[in-house]
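*Asks:* Please find start.txt (compact mmCIF, N, CA and C atoms) on the next line:
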# COMPACT_ATOMS: atom_id res chain seq x y z
N SER A 1 90.99 115.20 86.80
CA SER A 1 90.53 115.44 88.14
C SER A 1 91.63 116.02 89.03
N LEU A 2 92.87 115.55 88.84
CA LEU A 2 93.97 116.13 89.61
C LEU A 2 94.18 117.58 89.22
N GLN A 3 93.92 117.90 87.97
CA GLN A 3 94.06 119.27 87.50
C GLN A 3 92.99 120.17 88.10
N LYS A 4 91.89 119.58 88.59
CA LYS A 4 90.81 120.34 89.23
C LYS A 4 91.06 120.49 90.72
N ASN A 5 92.29 120.22 91.15
CA ASN A 5 92.72 120.35 92.54
C ASN A 5 92.09 119.34 93.49
N LEU A 6 91.62 118.21 92.97
CA LEU A 6 91.23 117.13 93.87
C LEU A 6 92.51 116.52 94.41
N PRO A 7 92.60 116.27 95.70
CA PRO A 7 93.87 115.80 96.26
C PRO A 7 94.24 114.37 95.85
N THR A 8 93.23 113.52 95.63
CA THR A 8 93.51 112.11 95.35
C THR A 8 92.55 111.59 94.29
N VAL A 9 93.12 110.87 93.31
CA VAL A 9 92.31 110.22 92.28
C VAL A 9 92.74 108.76 92.20
N LEU A 10 91.78 107.88 92.13
CA LEU A 10 92.01 106.44 92.03
C LEU A 10 91.67 105.98 90.62
N VAL A 11 92.63 105.32 89.95
CA VAL A 11 92.37 104.65 88.67
C VAL A 11 92.17 103.19 89.02
N ASN A 12 90.96 102.70 88.77
CA ASN A 12 90.56 101.38 89.23
C ASN A 12 90.21 100.49 88.05
N GLY A 13 90.57 99.21 88.14
CA GLY A 13 90.19 98.27 87.09
C GLY A 13 90.88 96.93 87.27
N LEU A 14 90.52 96.01 86.40
CA LEU A 14 91.10 94.67 86.42
C LEU A 14 92.60 94.72 86.16
N GLY A 15 93.31 93.68 86.59
CA GLY A 15 94.73 93.57 86.31
C GLY A 15 94.98 93.51 84.81
N GLY A 16 95.95 94.27 84.33
CA GLY A 16 96.30 94.25 82.91
C GLY A 16 95.47 95.13 82.01
N ILE A 17 94.56 95.90 82.59
CA ILE A 17 93.66 96.71 81.77
C ILE A 17 94.27 98.04 81.34
N GLY A 18 95.39 98.45 81.98
CA GLY A 18 96.07 99.66 81.55
C GLY A 18 96.16 100.77 82.57
N LYS A 19 95.97 100.45 83.84
CA LYS A 19 96.00 101.47 84.89
C LYS A 19 97.39 102.11 85.01
N THR A 20 98.42 101.29 85.04
CA THR A 20 99.79 101.79 85.16
C THR A 20 100.17 102.58 83.92
N ARG A 21 99.82 102.08 82.76
CA ARG A 21 100.11 102.78 81.50
C ARG A 21 99.44 104.15 81.48
N LEU A 22 98.20 104.22 81.94
CA LEU A 22 97.49 105.50 81.99
C LEU A 22 98.17 106.47 82.95
N ALA A 23 98.63 105.98 84.10
CA ALA A 23 99.33 106.85 85.06
C ALA A 23 100.63 107.37 84.44
N LYS A 24 101.37 106.52 83.74
CA LYS A 24 102.61 106.96 83.08
C LYS A 24 102.32 108.00 82.00
N GLU A 25 101.26 107.80 81.28
CA GLU A 25 100.88 108.77 80.24
C GLU A 25 100.47 110.10 80.86
N TYR A 26 99.78 110.06 81.98
CA TYR A 26 99.41 111.28 82.69
C TYR A 26 100.67 112.06 83.06
N ILE A 27 101.65 111.36 83.62
CA ILE A 27 102.90 112.03 83.99
C ILE A 27 103.57 112.63 82.76
N ARG A 28 103.63 111.86 81.68
CA ARG A 28 104.27 112.36 80.46
C ARG A 28 103.62 113.66 79.99
N ARG A 29 102.31 113.70 80.03
CA ARG A 29 101.59 114.88 79.53
C ARG A 29 101.59 116.07 80.49
N HIS A 30 101.73 115.81 81.78
CA HIS A 30 101.57 116.87 82.78
C HIS A 30 102.79 117.08 83.67
N LEU A 31 103.91 116.54 83.29
CA LEU A 31 105.12 116.63 84.10
C LEU A 31 105.48 118.08 84.44
N ASP A 32 105.27 118.97 83.50
CA ASP A 32 105.64 120.38 83.71
C ASP A 32 104.79 121.08 84.76
N LYS A 33 103.71 120.49 85.19
CA LYS A 33 102.83 121.10 86.19
C LYS A 33 103.25 120.77 87.63
N TYR A 34 104.25 119.90 87.77
CA TYR A 34 104.64 119.44 89.11
C TYR A 34 106.11 119.75 89.38
N ALA A 35 106.38 120.22 90.59
CA ALA A 35 107.76 120.47 91.01
C ALA A 35 108.49 119.15 91.24
N HIS A 36 107.80 118.19 91.80
CA HIS A 36 108.38 116.87 92.08
C HIS A 36 107.34 115.80 91.77
N VAL A 37 107.81 114.71 91.17
CA VAL A 37 106.96 113.55 90.93
C VAL A 37 107.62 112.35 91.60
N VAL A 38 106.85 111.65 92.40
CA VAL A 38 107.33 110.46 93.12
C VAL A 38 106.48 109.28 92.66
N TRP A 39 107.16 108.23 92.19
CA TRP A 39 106.47 107.00 91.76
C TRP A 39 106.90 105.89 92.70
N VAL A 40 105.94 105.27 93.37
CA VAL A 40 106.23 104.15 94.26
C VAL A 40 105.31 103.00 93.87
N GLU A 41 105.91 101.83 93.68
CA GLU A 41 105.13 100.64 93.38
C GLU A 41 104.94 99.85 94.67
N GLN A 42 103.70 99.57 95.00
CA GLN A 42 103.39 98.86 96.23
C GLN A 42 103.30 97.37 95.93
N THR A 43 104.28 96.62 96.42
CA THR A 43 104.24 95.17 96.27
C THR A 43 103.93 94.49 97.60
N THR A 44 104.14 95.23 98.69
CA THR A 44 103.79 94.72 100.02
C THR A 44 102.92 95.78 100.67
N THR A 45 103.31 96.28 101.83
CA THR A 45 102.57 97.38 102.45
C THR A 45 103.10 98.71 101.93
N ALA A 46 102.31 99.75 102.07
CA ALA A 46 102.76 101.09 101.65
C ALA A 46 103.97 101.52 102.46
N VAL A 47 103.99 101.20 103.74
CA VAL A 47 105.13 101.57 104.58
C VAL A 47 106.40 100.94 104.03
N GLU A 48 106.37 99.64 103.76
CA GLU A 48 107.54 98.95 103.22
C GLU A 48 107.92 99.50 101.85
N ALA A 49 106.95 99.83 101.03
CA ALA A 49 107.23 100.37 99.70
C ALA A 49 108.00 101.68 99.80
N PHE A 50 107.60 102.54 100.71
CA PHE A 50 108.23 103.86 100.83
C PHE A 50 109.63 103.78 101.43
N ILE A 51 109.86 102.87 102.35
CA ILE A 51 111.18 102.84 103.00
C ILE A 51 112.17 101.96 102.25
N SER A 52 111.71 101.23 101.23
CA SER A 52 112.63 100.36 100.49
C SER A 52 112.83 100.79 99.04
N ASP A 53 112.15 101.84 98.60
CA ASP A 53 112.28 102.30 97.22
C ASP A 53 113.58 103.08 97.06
N ALA A 54 114.58 102.44 96.45
CA ALA A 54 115.92 103.04 96.34
C ALA A 54 115.90 104.36 95.59
N THR A 55 115.11 104.46 94.53
CA THR A 55 115.05 105.70 93.75
C THR A 55 114.49 106.83 94.59
N LEU A 56 113.43 106.56 95.33
CA LEU A 56 112.83 107.57 96.19
C LEU A 56 113.82 108.02 97.25
N LEU A 57 114.45 107.07 97.93
CA LEU A 57 115.39 107.41 98.99
C LEU A 57 116.56 108.22 98.45
N GLU A 58 117.06 107.86 97.29
CA GLU A 58 118.17 108.60 96.69
C GLU A 58 117.75 110.03 96.34
N SER A 59 116.55 110.18 95.78
CA SER A 59 116.08 111.52 95.41
C SER A 59 115.88 112.41 96.64
N LEU A 60 115.57 111.80 97.77
CA LEU A 60 115.40 112.56 99.01
C LEU A 60 116.72 112.76 99.74
N GLY A 61 117.77 112.08 99.29
CA GLY A 61 119.05 112.14 100.00
C GLY A 61 118.97 111.47 101.35
N ARG A 62 118.12 110.48 101.45
CA ARG A 62 117.82 109.83 102.73
C ARG A 62 118.57 108.50 102.86
N THR A 63 119.29 108.35 103.94
CA THR A 63 119.90 107.07 104.28
C THR A 63 119.43 106.70 105.69
N PHE A 64 119.52 105.43 105.99
CA PHE A 64 119.08 104.96 107.30
C PHE A 64 120.23 104.26 108.00
N ASP A 65 120.15 104.29 109.31
CA ASP A 65 121.17 103.61 110.10
C ASP A 65 120.50 102.56 110.98
N LYS A 66 120.07 102.95 112.17
CA LYS A 66 119.48 101.99 113.10
C LYS A 66 118.02 102.29 113.41
N GLU A 67 117.38 103.09 112.57
CA GLU A 67 115.98 103.45 112.83
C GLU A 67 115.06 102.24 112.65
N THR A 68 113.97 102.26 113.37
CA THR A 68 112.95 101.23 113.19
C THR A 68 112.23 101.49 111.88
N GLU A 69 111.43 100.52 111.45
CA GLU A 69 110.65 100.68 110.22
C GLU A 69 109.75 101.91 110.32
N GLN A 70 109.08 102.09 111.44
CA GLN A 70 108.19 103.23 111.60
C GLN A 70 108.97 104.54 111.59
N GLU A 71 110.13 104.58 112.23
CA GLU A 71 110.95 105.80 112.23
C GLU A 71 111.43 106.13 110.82
N ARG A 72 111.79 105.12 110.05
CA ARG A 72 112.21 105.32 108.66
C ARG A 72 111.06 105.91 107.85
N PHE A 73 109.89 105.33 108.03
CA PHE A 73 108.70 105.80 107.30
C PHE A 73 108.39 107.25 107.67
N ASP A 74 108.46 107.57 108.94
CA ASP A 74 108.20 108.94 109.39
C ASP A 74 109.20 109.92 108.77
N LEU A 75 110.45 109.52 108.66
CA LEU A 75 111.47 110.38 108.06
C LEU A 75 111.19 110.62 106.58
N VAL A 76 110.82 109.57 105.86
CA VAL A 76 110.50 109.71 104.43
C VAL A 76 109.30 110.63 104.25
N LEU A 77 108.24 110.43 105.02
CA LEU A 77 107.06 111.28 104.90
C LEU A 77 107.38 112.73 105.26
N SER A 78 108.19 112.93 106.26
CA SER A 78 108.60 114.28 106.63
C SER A 78 109.37 114.94 105.48
N ASP A 79 110.27 114.19 104.86
CA ASP A 79 111.01 114.71 103.71
C ASP A 79 110.07 115.08 102.57
N LEU A 80 109.09 114.25 102.32
CA LEU A 80 108.14 114.52 101.23
C LEU A 80 107.31 115.76 101.52
N LYS A 81 106.85 115.89 102.76
CA LYS A 81 106.00 117.05 103.09
C LYS A 81 106.76 118.36 103.01
N LYS A 82 108.08 118.32 103.10
CA LYS A 82 108.89 119.54 103.02
C LYS A 82 109.07 120.02 101.58
N ARG A 83 108.73 119.20 100.59
CA ARG A 83 108.91 119.57 99.20
C ARG A 83 107.99 120.73 98.84
N GLY A 84 108.56 121.78 98.28
CA GLY A 84 107.78 122.94 97.89
C GLY A 84 107.12 122.74 96.54
N GLY A 85 106.25 123.65 96.18
CA GLY A 85 105.56 123.58 94.89
C GLY A 85 104.44 122.56 94.92
N THR A 86 103.84 122.35 93.77
CA THR A 86 102.80 121.34 93.63
C THR A 86 103.48 120.04 93.24
N ASN A 87 103.22 119.00 93.98
CA ASN A 87 103.90 117.72 93.80
C ASN A 87 102.91 116.61 93.52
N LEU A 88 103.40 115.55 92.86
CA LEU A 88 102.56 114.41 92.52
C LEU A 88 103.17 113.13 93.07
N LEU A 89 102.37 112.38 93.80
CA LEU A 89 102.74 111.03 94.22
C LEU A 89 101.88 110.05 93.43
N VAL A 90 102.53 109.12 92.75
CA VAL A 90 101.81 108.02 92.11
C VAL A 90 102.13 106.77 92.91
N LEU A 91 101.10 106.16 93.44
CA LEU A 91 101.26 104.90 94.17
C LEU A 91 100.60 103.82 93.33
N ASP A 92 101.45 103.06 92.65
CA ASP A 92 101.00 102.03 91.72
C ASP A 92 100.69 100.75 92.48
N ASN A 93 99.54 100.16 92.17
CA ASN A 93 99.09 98.93 92.81
C ASN A 93 98.75 99.15 94.29
N TYR A 94 98.09 100.25 94.56
CA TYR A 94 97.73 100.62 95.94
C TYR A 94 96.84 99.57 96.57
N GLN A 95 97.16 99.25 97.82
CA GLN A 95 96.34 98.35 98.62
C GLN A 95 96.10 99.01 99.96
N ARG A 96 94.87 99.18 100.29
CA ARG A 96 94.51 99.81 101.56
C ARG A 96 95.01 98.96 102.73
N PRO A 97 95.45 99.59 103.81
CA PRO A 97 95.90 98.81 104.98
C PRO A 97 94.83 97.84 105.45
N ASP A 98 95.28 96.68 105.95
CA ASP A 98 94.36 95.63 106.37
C ASP A 98 93.51 95.99 107.58
N ASN A 99 94.08 96.76 108.49
CA ASN A 99 93.29 97.11 109.67
C ASN A 99 93.40 98.61 109.93
N GLU A 100 92.47 99.10 110.70
CA GLU A 100 92.36 100.53 110.94
C GLU A 100 93.57 101.12 111.66
N GLU A 101 94.33 100.31 112.37
CA GLU A 101 95.47 100.81 113.11
C GLU A 101 96.68 101.05 112.21
N ASP A 102 96.71 100.42 111.04
CA ASP A 102 97.82 100.63 110.12
C ASP A 102 97.77 102.05 109.57
N PHE A 103 98.93 102.65 109.44
CA PHE A 103 99.00 104.03 108.96
C PHE A 103 98.73 104.06 107.45
N ASP A 104 97.93 104.99 107.02
CA ASP A 104 97.61 105.13 105.60
C ASP A 104 98.32 106.36 105.04
N VAL A 105 99.36 106.14 104.26
CA VAL A 105 100.16 107.22 103.68
C VAL A 105 99.32 108.16 102.82
N ILE A 106 98.32 107.63 102.17
CA ILE A 106 97.49 108.45 101.29
C ILE A 106 96.75 109.51 102.09
N SER A 107 96.16 109.13 103.19
CA SER A 107 95.47 110.10 104.02
C SER A 107 96.43 111.18 104.50
N TYR A 108 97.62 110.79 104.87
CA TYR A 108 98.62 111.74 105.37
C TYR A 108 99.00 112.76 104.31
N LEU A 109 99.33 112.30 103.11
CA LEU A 109 99.76 113.23 102.05
C LEU A 109 98.58 113.98 101.44
N SER A 110 97.40 113.39 101.44
CA SER A 110 96.23 114.07 100.87
C SER A 110 95.88 115.33 101.63
N PHE A 111 96.23 115.38 102.91
CA PHE A 111 95.92 116.57 103.70
C PHE A 111 96.98 117.65 103.55
N SER A 112 98.03 117.37 102.81
CA SER A 112 99.05 118.37 102.55
C SER A 112 98.64 119.15 101.31
N PRO A 113 98.55 120.47 101.39
CA PRO A 113 98.01 121.24 100.26
C PRO A 113 98.88 121.21 99.01
N ASN A 114 100.14 120.83 99.12
CA ASN A 114 100.99 120.85 97.94
C ASN A 114 101.19 119.48 97.30
N TRP A 115 100.43 118.48 97.74
CA TRP A 115 100.54 117.14 97.15
C TRP A 115 99.25 116.71 96.48
N ARG A 116 99.37 116.14 95.29
CA ARG A 116 98.28 115.45 94.61
C ARG A 116 98.69 113.98 94.58
N VAL A 117 97.71 113.09 94.71
CA VAL A 117 98.00 111.66 94.78
C VAL A 117 97.19 110.94 93.70
N LEU A 118 97.90 110.16 92.88
CA LEU A 118 97.28 109.33 91.86
C LEU A 118 97.52 107.88 92.23
N LEU A 119 96.45 107.16 92.45
CA LEU A 119 96.53 105.75 92.84
C LEU A 119 96.10 104.87 91.67
N THR A 120 96.76 103.74 91.50
CA THR A 120 96.23 102.70 90.63
C THR A 120 95.95 101.51 91.53
N SER A 121 94.83 100.85 91.32
CA SER A 121 94.47 99.73 92.19
C SER A 121 93.45 98.83 91.54
N ARG A 122 93.54 97.57 91.87
CA ARG A 122 92.50 96.62 91.47
C ARG A 122 91.33 96.69 92.44
N GLU A 123 91.58 97.27 93.62
CA GLU A 123 90.54 97.39 94.64
C GLU A 123 89.61 98.56 94.32
N SER A 124 88.36 98.41 94.66
CA SER A 124 87.41 99.50 94.57
C SER A 124 87.40 100.19 95.93
N ILE A 125 87.81 101.45 95.96
CA ILE A 125 87.93 102.18 97.21
C ILE A 125 87.05 103.42 97.12
N MET A 126 86.02 103.47 97.91
CA MET A 126 84.99 104.50 97.77
C MET A 126 85.41 105.88 98.27
N ASP A 127 86.49 105.98 99.01
CA ASP A 127 86.87 107.26 99.61
C ASP A 127 87.42 108.27 98.61
N PHE A 128 87.77 107.83 97.40
CA PHE A 128 88.46 108.69 96.46
C PHE A 128 87.67 108.91 95.18
N GLU A 129 87.93 110.04 94.53
CA GLU A 129 87.44 110.26 93.17
C GLU A 129 87.97 109.11 92.32
N THR A 130 87.09 108.39 91.63
CA THR A 130 87.50 107.18 90.93
C THR A 130 87.30 107.28 89.43
N LEU A 131 88.32 106.87 88.70
CA LEU A 131 88.25 106.71 87.25
C LEU A 131 88.27 105.20 87.02
N GLU A 132 87.14 104.65 86.63
CA GLU A 132 87.00 103.21 86.45
C GLU A 132 87.36 102.85 85.01
N LEU A 133 88.37 101.98 84.85
CA LEU A 133 88.72 101.48 83.53
C LEU A 133 87.98 100.18 83.31
N ASP A 134 87.39 100.04 82.15
CA ASP A 134 86.60 98.86 81.85
C ASP A 134 87.10 98.22 80.57
N ILE A 135 86.69 97.01 80.33
CA ILE A 135 87.07 96.28 79.12
C ILE A 135 86.34 96.89 77.93
N LEU A 136 87.07 97.00 76.81
CA LEU A 136 86.46 97.50 75.58
C LEU A 136 85.55 96.44 74.99
N SER A 137 84.45 96.90 74.41
CA SER A 137 83.60 95.96 73.66
C SER A 137 84.34 95.58 72.38
N GLU A 138 83.88 94.56 71.69
CA GLU A 138 84.53 94.15 70.44
C GLU A 138 84.50 95.30 69.43
N ALA A 139 83.39 96.02 69.34
CA ALA A 139 83.29 97.14 68.40
C ALA A 139 84.27 98.26 68.76
N GLU A 140 84.40 98.56 70.06
CA GLU A 140 85.34 99.60 70.49
C GLU A 140 86.78 99.18 70.21
N ALA A 141 87.09 97.91 70.43
CA ALA A 141 88.43 97.42 70.17
C ALA A 141 88.76 97.50 68.68
N MET A 142 87.82 97.13 67.83
CA MET A 142 88.04 97.19 66.38
C MET A 142 88.24 98.65 65.94
N GLU A 143 87.47 99.56 66.51
CA GLU A 143 87.61 100.98 66.18
C GLU A 143 88.98 101.50 66.62
N LEU A 144 89.45 101.07 67.76
CA LEU A 144 90.75 101.48 68.25
C LEU A 144 91.86 101.02 67.31
N PHE A 145 91.77 99.80 66.79
CA PHE A 145 92.79 99.28 65.89
C PHE A 145 92.76 99.92 64.52
N LYS A 146 91.61 100.44 64.12
CA LYS A 146 91.51 101.12 62.81
C LYS A 146 92.23 102.42 62.89
Do you think you could lay out the structure here as structure tokens?
*Replies:*
Amino acid sequence: SLQKNLPTVLVNGLGGIGKTRLAKEYIRRHLDKYAHVVWVEQTTTAVEAFISDATLLESLGRTFDKETEQERFDLVLSDLKKRGGTNLLVLDNYQRPDNEEDFDVISYLSFSPNWRVLLTSRESIMDFETLELDILSEAEAMELFK
């Protein structure tokens, strides 16, 4: 779906079903199609994930001094939007903001023509093209092991 120029795709399913593994495999197979790939794991809010991810900040050459959390987030997003070429953001374990006033990074980057966004989430989020991962039946599991 990302290859069809859809800006955002959600891989949805139960915990442990393979969403993260599938996202990693997608990157492995399609890395050459992207100028930049950014992987952020969301353990708290998306804002906190973006401003505390050391690998992301290092790749952007971004350091902070006395900026507020929101100013830091704005700087990171600005740096990302400046990246040329077709880029991929993977946000692993995506959780939609709790209230409408919280800023949603996905909406911001999805409107940028040079970014594709791949989300993994346990949440069912209707706004995005969704690839639902489901549990294999016993017959499917046996066939996989053969």
*Asks:* Between A:Lys66, A:Lys24, A:Arg116, A:Arg72, which has the minimum distance to Leu89 (chain A) (counting all atoms listed in the file)?
*Replies:*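 So, comparing all the options, the nearest one is A:Arg116.
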*Asks:* Name the closest residue to Asn114 (chain A) among the candidates A:Asp92, A:Arg83, A:Asp134, A:His30; distances are taken between atoms, counting only C-alpha atoms.
*Replies:*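 Once distances to Asn114 (chain A) are computed over only C-alpha atoms, the minimum belongs to A:Arg83.
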*Asks:* What does the distance from atom N of Gly61 (chain A) to atom C of Thr8 (chain A) come to in Å, to one decimal?
*Replies:*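 The value is 25.7 Å.
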*Asks:* Which residues come within 10 Å of Thr20 (chain A), counting only C-alpha atoms, excluding same-chain residues fewer than 4 positions away, as a PyMOL selection string?
*Replies:* chain A and resi 11+15-16+24-26+41+90-93+119-121
*Asks:* Tell me, in Å to one decimal, how far CA of Val40 (chain A) is from CA of Glu58 (chain A).
*Replies:*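 Distance between the two atoms: 13.0 Å.
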*Asks:* Point out the residue among A:Pro7, A:Gly18, A:Gly85, A:Pro97 with the least atom-to-atom distance to Val117 (chain A), counting only C-alpha atoms.
*Replies:*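 Of A:Pro7, A:Gly18, A:Gly85, A:Pro97, the one nearest Val117 (chain A), counting only C-alpha atoms, is A:Pro7.
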*Asks:* Ranking A:Ser112, A:Gly13, A:Thr45, A:Leu22 by minimum distance to Asp98 (chain A) and counting only C-alpha atoms, which one comes first?
*Replies:*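 Using only C-alpha atoms, Asp98 (chain A) sits closest to A:Thr45.
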*Asks:* Record the distance separating CA of Val37 (chain A) and CA of Asn87 (chain A), expressed in Å with one decimal.
*Replies:*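 If I compute the distance from CA of Val37 (chain A) to CA of Asn87 (chain A), I get 5.9 Å.
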*Asks:* Can you list, as a PyMOL selection string, every protein, DNA or RNA residue that comes within 6 Å of Ile51 (chain A) when you count only N, CA and C atoms, leaving out same-chain residues fewer than 2 positions away?
*Replies:* chain A and resi 47-49+53+72-73
*Asks:* Just the residues within 7 Å of Leu56 (chain A), please, counting only N, CA and C atoms, with nothing from its chain fewer than 6 positions along; format it as a compact mmCIF listing (two decimals) with N, CA and C atoms, in the coordinates of the input.
*Replies:*
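The result, written out as part.txt:
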# COMPACT_ATOMS: atom_id res chain seq x y z
N VAL A 38 106.85 111.65 92.40
CA VAL A 38 107.33 110.46 93.12
C VAL A 38 106.48 109.28 92.66
N TRP A 39 107.16 108.23 92.19
CA TRP A 39 106.47 107.00 91.76
C TRP A 39 106.90 105.89 92.70
N ARG A 62 118.12 110.48 101.45
CA ARG A 62 117.82 109.83 102.73
C ARG A 62 118.57 108.50 102.86
*Asks:* Rank nothing, just name the residue among A:Leu31, A:Leu118, A:Ala46, A:Leu77 nearest to Leu10 (chain A), using all atoms listed in the file.
*Replies:*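 Under the stated criterion, the closest residue is A:Leu118.
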